[in-house]
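Only one structure is covered here, and it is reproduced in the block below.
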Amino acid sequence: IQDDHKLSTSELEEKYGTNINKGLSSARAAEILARDGPNSLTPPKATPEIVKFLKQMVGGFSILLWIGAVFSWISFGIQLAQGAESPFDNLYLGVVLALVVILTGIFAYYQEAKSTNIMASFSKMIPQQALVIRDAEKKELPADQLVVGDIVEIKGGDRIPADVRLIFTQGCKVDNSSLTGESEPQSRSCDFTHENPLETRNIAFYSTTCVEGTATGIVINTGDRTVIGRIASLASGVANEKTPIAIEIEHFVYLVAGVAISIGVLFFIISVSMRYKILDSIIFLIGIIVANVPEGLLATVTVSLSLTAKRMAKKNCLVKNLEAVETLGSTSIICSDKTGTLTQNRMTVAHLWFDNQIYSADTSEDQTTQPFDQSSPSWTALSKIVTLCNRAEFRPGQENLPIMKRVVVGDASETALLKFAEVILGDVMNIRARNKKVAEIPFNSTNKFQLSIHETDDPNDKRFLLVMKGAPERILERCSTIMINGKEEPLDSEKAEAFQTAYMELGGLGERVLGFCHLYLPEKEFPDTYPFDTDSTNFPTSNLCFVGLLSMIDPPRSTVPDAVSKCRSAGIKVIMVTGDHPITAKAIAKSVGIISATSETVEDIAKRLNIPVEQVNRREATAAVVNGMELKDMSLQQLDEILCNHSEIVFARTSPQQKLIIVEGCQRQGAVVAVTGDGVNDSPALKKADIGIAMGIAGSDAAKNAADMVLLDDNFASIVTGVEEGRLIFDNLKKTIAYTLTKNIAELCPFLIYIIASIPMPIGTITILFIDLGTDIIPSVALAYEKAESDIMNRRPRNKRKDRLVNEQLAVYSYLQIGIMQSVGAFVTYFTVYAEQGFLPSTLLGVRVNWENNAINDFEDSYGQEWTKYQRMYLQWTGYTAFFVSITIQQVADLIIRKTRRNSIFQQGLFRNKVIWVGIFSQIGIALILTYGLGHVTALNFTPLRFQYWFVAVPFAILIWVYDEVRKLLIRRYPGSWWDKNMYY
Amino acid sequence: GLIFLFYLVFYGFLAALFTFTMWVMLQTLSSDIPKYRDRISSPGLMISPKPDTALEFYFNKSDAQSYAEYVSTLRKFLESYDDSKQSQNINCTPGRIFDQNDVAVKKACRFNLSELGQCSGKEDKTFGYSKGTPCVLVKMNRIIGLKPEGEPRIYCTSKEEGMVEINYFPPEGLIDLMYFPYYGKSLHAHYLQPLVAVQLAINSNSTKEEIAIECKILGSPNLKNEDDRDKFLGRIAFKVQMTE
C-alpha cells in the first residue's frame, strides 16, 4: 500500500516534513504524537471486571436459584399479608438462596481472577528506548513517543522501534522471525530491491530485532499502523470461541435446569390439581428447584480446573483461561511451530564428511563428547580449520556453565562450530591463541567464503596455515587436491562425484552444509615477516586442499520424537507449520516423527516410481509437504482435501495469514485445534485456535496475550503432558458430576412423595443446601485427584459432538439407578425414625394437612400418645437429620464407586487417592458437626440423632457399591453389549 | 423393550428390598409401646371445643346457631365419658399413681362426668354458652408411662383483669394422679384421660371484648409449662369473644 521504499531520501524528507540530519522539531513531534497517538500496540480490550462478576452472578444455575429466591420472597410477602404464623422461614430461605448464588459467584470470580493474574505479569513490558534525532540533537526517548518522520538510529541488539525506512546502513542484519517466522537473519540496505514493501531490503519492521550492524532510518509507521500492528489487530478481530468444556458445561446446565424446571412445573400442576393451595405449590416448586440444582457443582468444577491448572503450571504449562485446561485434552490436531518448539532453536553440527565417509554427530541438548571416529588425520586437519576459521567467541566468565548453555558472540553457524570444537578439542580460545591469526577475510555474500591465515603451534613448522570455509561448491572450485586419510590426493572426477553425492545427501537432510579446505603456505615464499594484505590478496586462494564438509541443523529437542509418538497414539494429528524451507522442514518432521519413517509424499512416490508427479495417486501418499506458494493458489476445497487425505502434513514457507487459513481448515474438519506460536504474527492463529499456546521464553507479548496457555519451557513435550492432564480432568469431571447428580434424586424424591403421599416432610430445603454446599463439596473436588483408569494417551481424542461430558447414560445411571437406591435407603431411615418414635408408616400416609396444622396440638400417634405441633416439628427435624445422614452415608459409597467408570475399585486401588479419604472424613465430620454440634440451633433444622440411625443406610451403601462393581464387571466382560451401551457413562 | 424390562426388574427388586427392610424394622418394634418416647417427655395441653382455625371463640350468647358447633363438639367429645361407656372402668384410689406394670390386662379408671359440674352438659345442655358462662375442657396430652409428680392442676389466667371470672371443675382444676400412667392404645384400650373444665363467667361489661386466656399446668415439677419454643407444652392460650 505504501510506496515509501520506492522514494528517494529527499522525497521522504518532503513527505514527512523532516530532515535527515536535524530530525523533527520537538514541537512538530508533539503535534504528530497528538494526532497519531503513542507508538504502541493497543492491547486487546479486556472485559470490564464488573461484567465478569455479573456474568458469574447470572451464569449457570444462578438464574434458577434467583427464581427460587424471588419465589420465596413472594410467598413470604403473601404469608405476611395473610398474617400467617411463621412467614419468616420463606424470607430466610430466599436470603439463603441469594447468598448461595452470590457466594458461589464471588468464589468463581475469585478463582478466575487468580488464574488471570498469573498472566498479568507477562504483559508488563520493559519500556523500550529509542535513539532519535530531534532538534538536531540525539536523544534517548521512550519508544512509544516516536512519531512518523522521526529519524532513529539502530544498532545491533536493538529492537526496531517502529516501521523504519532505512536511509543509511552498515552491515545491518535484522531478524524478522517475529514477523515472518523465518529465523535466518536478513541483511538490510538502503536500496529498493522489491516491489513488495514486505520483501524490500530498505524497510525494517517494528518489533523485529537488529542482529548486527547499524542503521539510520525515517519512521514511516507507528503503533497500530505498523505492519505488525495490523497483524495484531487482525487477532483482536478474531472472535473468541467458546471452549469445549464451556460448551459441555452449558449443555449440562441446560440438562439439569430442564429436568428441574419440568419436574417443578409438573409437580406444580399436580399439586394444584390435588387442591393444594397455590402458595404451598409455589413453596414445593422452590423445594424441587433447590433439590434438583447441584448448587456447589459449578464451584467444584472451577476448583478442579484450577487444581489441574496448578498441576500443569508445575509441568511448565501455564494456563491463562481456566477452561483451556480441558481443551488441550480434547485437542485432535496440533499445529506446531518448528523453530524453538520442536527444535532446540540453535544450529548444531549434525554431520561430517571426510575421508569419503559421512559421520553423524551428537545433536542432543547436553552433549559432552562426540562419539564418531576421531582417529583419522583428516579429522585433525578438519578440526583445526573448524577451530581457526571462526570469529565466534564465548562471552567471558562462563567457564562453569555447560558448553551448550554458554552465550556466544557470533552468528548461528559459527556458534555451532565453536561449540562443536569446544566439546571435542577443549579450550578453543587457547588453541586460537597458540595459532595466532595473521590475516582474515570475513564472510561476505559475494565470495561466500571466509578465510584466515595463522601461524602454527608446531614450533618446528614455520609455515603459515591458510584455512577457509564456505559454501561447499565454492570451496571445491578453489581446490585441486582432497585429503584422504591425512594424505593429499588429486581431486579427480571420481572424488568430485563422491563430494557431490555427500553434499546432496546432507543437503537433502535439510542441513546447512559448509565446506572446509586449507593450505600450508610454503615457507620460502611466505616467510615469517610476509605482509599479508587481504585487499590485494597477496596469497593463493585457489588450488587448495579440500578437507571435508560439516553440516548443521537446528536439531529437534530430544524429548520431541517421543512426545510426537505419544500424540500419535493419542490420536492427535501433529501438523508442522513453519516459515522454513520445505526441505529443512521435512527433514525435521522426519526426525521427530511428524512424518513417519515409512510414509511418502507424492513427490517421494513419483521419485521412487520414476513417474511425473501428476500421475501419482494422491491417496497413496500419507504424508504431504505443502509449500506456502502452493497454498496461496489453493482453493478451500483443495486445502480441505489435503487436511483430510494426508495424516502427516508439513506446511513450509507459510505466512501468518496462511497459518490462520490452515487453522480454519482444520476446524472445518470438526477438529479441536491447538496452535503453538511465538511471534506477533502468530497471534491471529493463536486466537483463532481452540487453544492457542504461546512460548514463554521466545514468545512475544502479543502472542502471550492472544494465547490461552503459555509453555514456560517452549517445549513441545510439555504440550503432551498438558493433553494428558486435560483428558484426565475431563474424565474426572464426569465422575464429579455423576457423584453430585446422584444425590439430587435422593433430595428430590422426598418432595415428590411428600406431595403425593402427604407424609411429613422428609427433608428440608436448608438441609439440602447443607448437603450440596457442605458435605459434598470436598469429596467432589477429591475426585479431581483421581488417577486415570487406563492409559488415556492410548485412546483417540473425544469427539466433541458425541462424547459429551454429561451423556444420557451418566444422567440415567445417576438419576434413575443409584439416585433411586439412595432414596430408598434414606426413606428406610426416615420411616425407622418415625416408627421408633411412635408413628408407624401406615399412620404417616396422608397426614400432611393435620401434621402441619399449628392449631392441632394433640396429634395422635400409632400408640395413642398425643403430640403438640412443636413436638411434631422437632420429630420432623429429626427426620430431616436422619435423611441427611443417610444421604451422606450413601454418598460415601457413591464417592467410592465414582472413582472408576470401568475398572474395579480394587484395580484402581482404594487408598491410592488419599484426597478421597480426606473427602470421606470431611463428609462424615461435617455431618457430625451439623448433627451434634449445631443440633440445637433451631434455624438450621438439625437435631442430635441417635447413633444407630447412622447405620440404617449402611446396607444400602454397601448395595450401591456391590451393584456398581457388578455393573463394571459386566461392562468389562461384555464390551459392546447392550449392558455396556446403556450402563457405561 | 429391554430397557423397560430392566427397570421393571430393577425397581421390582428395590421395592422388594424396601418392603423387606421395612418389615424387618417393624418386627423389632413392640405393638404396645413405642421404642423411644424422648421426643414427648412432657405433655402438651389442648382444649375442647377447638375452633377450626386459630384458638379463638366467637359467639353470640343469644344466637344458638353461633355456638352450636362448640356445643356439638363438646357433646361428641364427652360421649366416651358417658357412664354407659365406662361400665368396665373401675374406681381407683384418688390421689395415688395407679401402677399396673405387673398386670397383663390394664384397667382404666373411671372419670365421672359429674366431676365436671356445670360443664358436664347434664344440667346445661349448651355448656353455659347460652348464659354467657362458656365451658372449655382442658385436657393433657396422653403420653405413655408419664407419671406426674406433686399435685398437678390446671390454672388459667386472663390478661385483662376483671373481665372474666374463672371456675374450675373439678375444683381448683385438680388432675388426679390415679389416671396415670397411661399404657398405650393397645394395652389400655378403655383409658380415659382426666379432664378439667374451665368455666368462664364473662363479665357483662366485657362483652364484645376479646379476652385472652392462658391455662397452665401447675403444681407438678415434672410437667413443663415454660418452654420457649413450644407454646403448648403444659400450657395453652386461647381467646374468647362473646356478644349479646
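By order in the C-alpha cells, chains are A, B, ...; within a chain, residues start at 1; ligands start at 1, following the order shown.
All residues of protein, DNA or RNA that reach within 8 Å of Tyr168 (chain B), judged by only C-alpha atoms and not counting those fewer than 4 positions away in the chain, are Glu172, Gly173, Val196, Ala197, Val198 and Gln199 of chain B.
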Exercise. Provide as an NGL selection string the residues of chain B at most 7 Å from chain A, counting only C-alpha atoms.
Key: :B and (18 or 22 or 25 or 32-37 or 39-40 or 44 or 46 or 53-55 or 141-144 or 184-185 or 230 or 232)
Exercise. Quick one: pull the distance between CA of Thr900 (chain A) and CA of Thr740 (chain A), Å, one decimal.
Key: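 CA of Thr740 (chain A) lies at a distance of 14.8 Å from CA of Thr900 (chain A).
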Exercise. Check the smallest atom-to-atom distance from each of A:Asp714, A:Glu477, A:Glu664, A:Glu326 to Ser542 (chain A) using only C-alpha atoms, then report the winner.
Key: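 Among the listed residues, the smallest separation from Ser542 (chain A) belongs to A:Glu477.
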Quiz item: Hey, can you check how far CA of Ala706 (chain A) sits from CA of Ile588 (chain A)?
Solution: 27.1 Å
Quiz prompt | Distance query Thr767 (chain A) at most 7 Å, only C-alpha atoms, self and fewer than 4 positions along chain excluded, as a list of chain:residue names | solution =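 Near Thr767 (chain A), the qualifying residues are A:Ile763, A:Ile771, A:Phe884.
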Practice problem: Name the residues in contact with Cys190 (chain A) at a cut-off of 12 Å, using only C-alpha atoms, excluding same-chain residues fewer than 5 positions from it; report them as a VMD selection string. | Solution: chain A and resid 4 to 9 164 to 172 200 to 204 214 to 218
Quiz item: Skipping near chain neighbours, those fewer than 3 positions away, what residues fall within 10 Å of region 88-102 of chain B using only C-alpha atoms, listed as a list in words?
Solution: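 Once the adjacent positions are removed, what remains is Asp83, Ser84, Lys85, Val105, Lys106, Lys107, Ala108, Cys109, Arg110, Phe111, Asn112, Gly145, Lys147, Pro148, Glu149, Gly150, Glu151, Ile175, Asp176, Leu177, Met178, Tyr179, Phe180, Pro181, Tyr182, Tyr183, His190, Tyr191 and Leu192 of chain B.
Computed from the coordinates, the CA of Arg912 (chain A) to CA of Thr742 (chain A) distance equals 23.7 Å.
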Exercise. Assign secondary structure with DSSP using the backbone only, and return the residues of chain B in strand (DSSP E) as number ranges by chain.
Key: B: 45-48, 56-60, 135-140, 153-158, 164-169, 195-202, 210-218, 235-243
Write a file of the just-selected residues containing C-alpha atoms, as a PDB file, in the first residue's frame.
ATOM      1  CA  LEU B  45     -52.294 -29.047  76.735  1.00  0.00           C
ATOM      2  CA  MET B  46     -55.263 -28.945  74.447  1.00  0.00           C
ATOM      3  CA  ILE B  47     -58.780 -27.693  74.743  1.00  0.00           C
ATOM      4  CA  SER B  48     -62.147 -28.822  73.515  1.00  0.00           C
ATOM      5  CA  GLU B  56     -60.440 -18.216  69.095  1.00  0.00           C
ATOM      6  CA  PHE B  57     -64.025 -18.483  70.257  1.00  0.00           C
ATOM      7  CA  TYR B  58     -66.527 -16.097  68.793  1.00  0.00           C
ATOM      8  CA  PHE B  59     -70.164 -16.470  69.669  1.00  0.00           C
ATOM      9  CA  ASN B  60     -73.354 -14.670  70.449  1.00  0.00           C
ATOM     10  CA  CYS B 135     -67.166 -24.026  79.269  1.00  0.00           C
ATOM     11  CA  VAL B 136     -63.868 -25.100  77.764  1.00  0.00           C
ATOM     12  CA  LEU B 137     -62.473 -28.509  78.552  1.00  0.00           C
ATOM     13  CA  VAL B 138     -58.749 -28.633  79.113  1.00  0.00           C
ATOM     14  CA  LYS B 139     -57.003 -31.917  78.674  1.00  0.00           C
ATOM     15  CA  MET B 140     -53.425 -33.012  78.991  1.00  0.00           C
ATOM     16  CA  ARG B 153     -53.699 -28.705  88.431  1.00  0.00           C
ATOM     17  CA  ILE B 154     -54.874 -26.505  85.643  1.00  0.00           C
ATOM     18  CA  TYR B 155     -54.717 -22.813  86.370  1.00  0.00           C
ATOM     19  CA  CYS B 156     -55.990 -20.219  83.945  1.00  0.00           C
ATOM     20  CA  THR B 157     -55.436 -16.513  83.894  1.00  0.00           C
ATOM     21  CA  SER B 158     -56.794 -13.733  81.828  1.00  0.00           C
ATOM     22  CA  VAL B 164     -63.884 -12.762  83.443  1.00  0.00           C
ATOM     23  CA  GLU B 165     -64.288 -14.993  86.418  1.00  0.00           C
ATOM     24  CA  ILE B 166     -62.850 -18.449  86.066  1.00  0.00           C
ATOM     25  CA  ASN B 167     -64.280 -21.524  87.728  1.00  0.00           C
ATOM     26  CA  TYR B 168     -62.733 -24.963  87.601  1.00  0.00           C
ATOM     27  CA  PHE B 169     -64.332 -28.425  87.663  1.00  0.00           C
ATOM     28  CA  LEU B 195     -60.398 -33.521  82.093  1.00  0.00           C
ATOM     29  CA  VAL B 196     -60.578 -30.156  83.688  1.00  0.00           C
ATOM     30  CA  ALA B 197     -63.473 -27.928  82.768  1.00  0.00           C
ATOM     31  CA  VAL B 198     -62.826 -24.234  82.802  1.00  0.00           C
ATOM     32  CA  GLN B 199     -65.913 -22.120  83.038  1.00  0.00           C
ATOM     33  CA  LEU B 200     -65.518 -18.548  82.015  1.00  0.00           C
ATOM     34  CA  ALA B 201     -68.066 -16.294  83.619  1.00  0.00           C
ATOM     35  CA  ILE B 202     -67.704 -13.354  81.342  1.00  0.00           C
ATOM     36  CA  GLU B 210     -61.582 -10.162  73.077  1.00  0.00           C
ATOM     37  CA  ILE B 211     -60.460 -11.902  76.210  1.00  0.00           C
ATOM     38  CA  ALA B 212     -57.150 -13.739  76.134  1.00  0.00           C
ATOM     39  CA  ILE B 213     -56.967 -16.690  78.450  1.00  0.00           C
ATOM     40  CA  GLU B 214     -53.904 -18.727  79.232  1.00  0.00           C
ATOM     41  CA  CYS B 215     -54.131 -22.041  81.047  1.00  0.00           C
ATOM     42  CA  LYS B 216     -51.126 -23.809  82.531  1.00  0.00           C
ATOM     43  CA  ILE B 217     -50.335 -26.931  84.410  1.00  0.00           C
ATOM     44  CA  LEU B 218     -49.108 -26.034  87.846  1.00  0.00           C
ATOM     45  CA  ARG B 235     -49.949 -24.513  78.651  1.00  0.00           C
ATOM     46  CA  ILE B 236     -52.466 -23.242  76.176  1.00  0.00           C
ATOM     47  CA  ALA B 237     -53.639 -19.820  75.200  1.00  0.00           C
ATOM     48  CA  PHE B 238     -56.936 -19.015  73.589  1.00  0.00           C
ATOM     49  CA  LYS B 239     -59.260 -16.104  73.063  1.00  0.00           C
ATOM     50  CA  VAL B 240     -62.908 -15.687  73.735  1.00  0.00           C
ATOM     51  CA  GLN B 241     -65.182 -13.016  72.407  1.00  0.00           C
ATOM     52  CA  MET B 242     -68.808 -13.043  73.300  1.00  0.00           C
ATOM     53  CA  THR B 243     -71.503 -10.798  72.018  1.00  0.00           C
TER      54      THR B 243
END
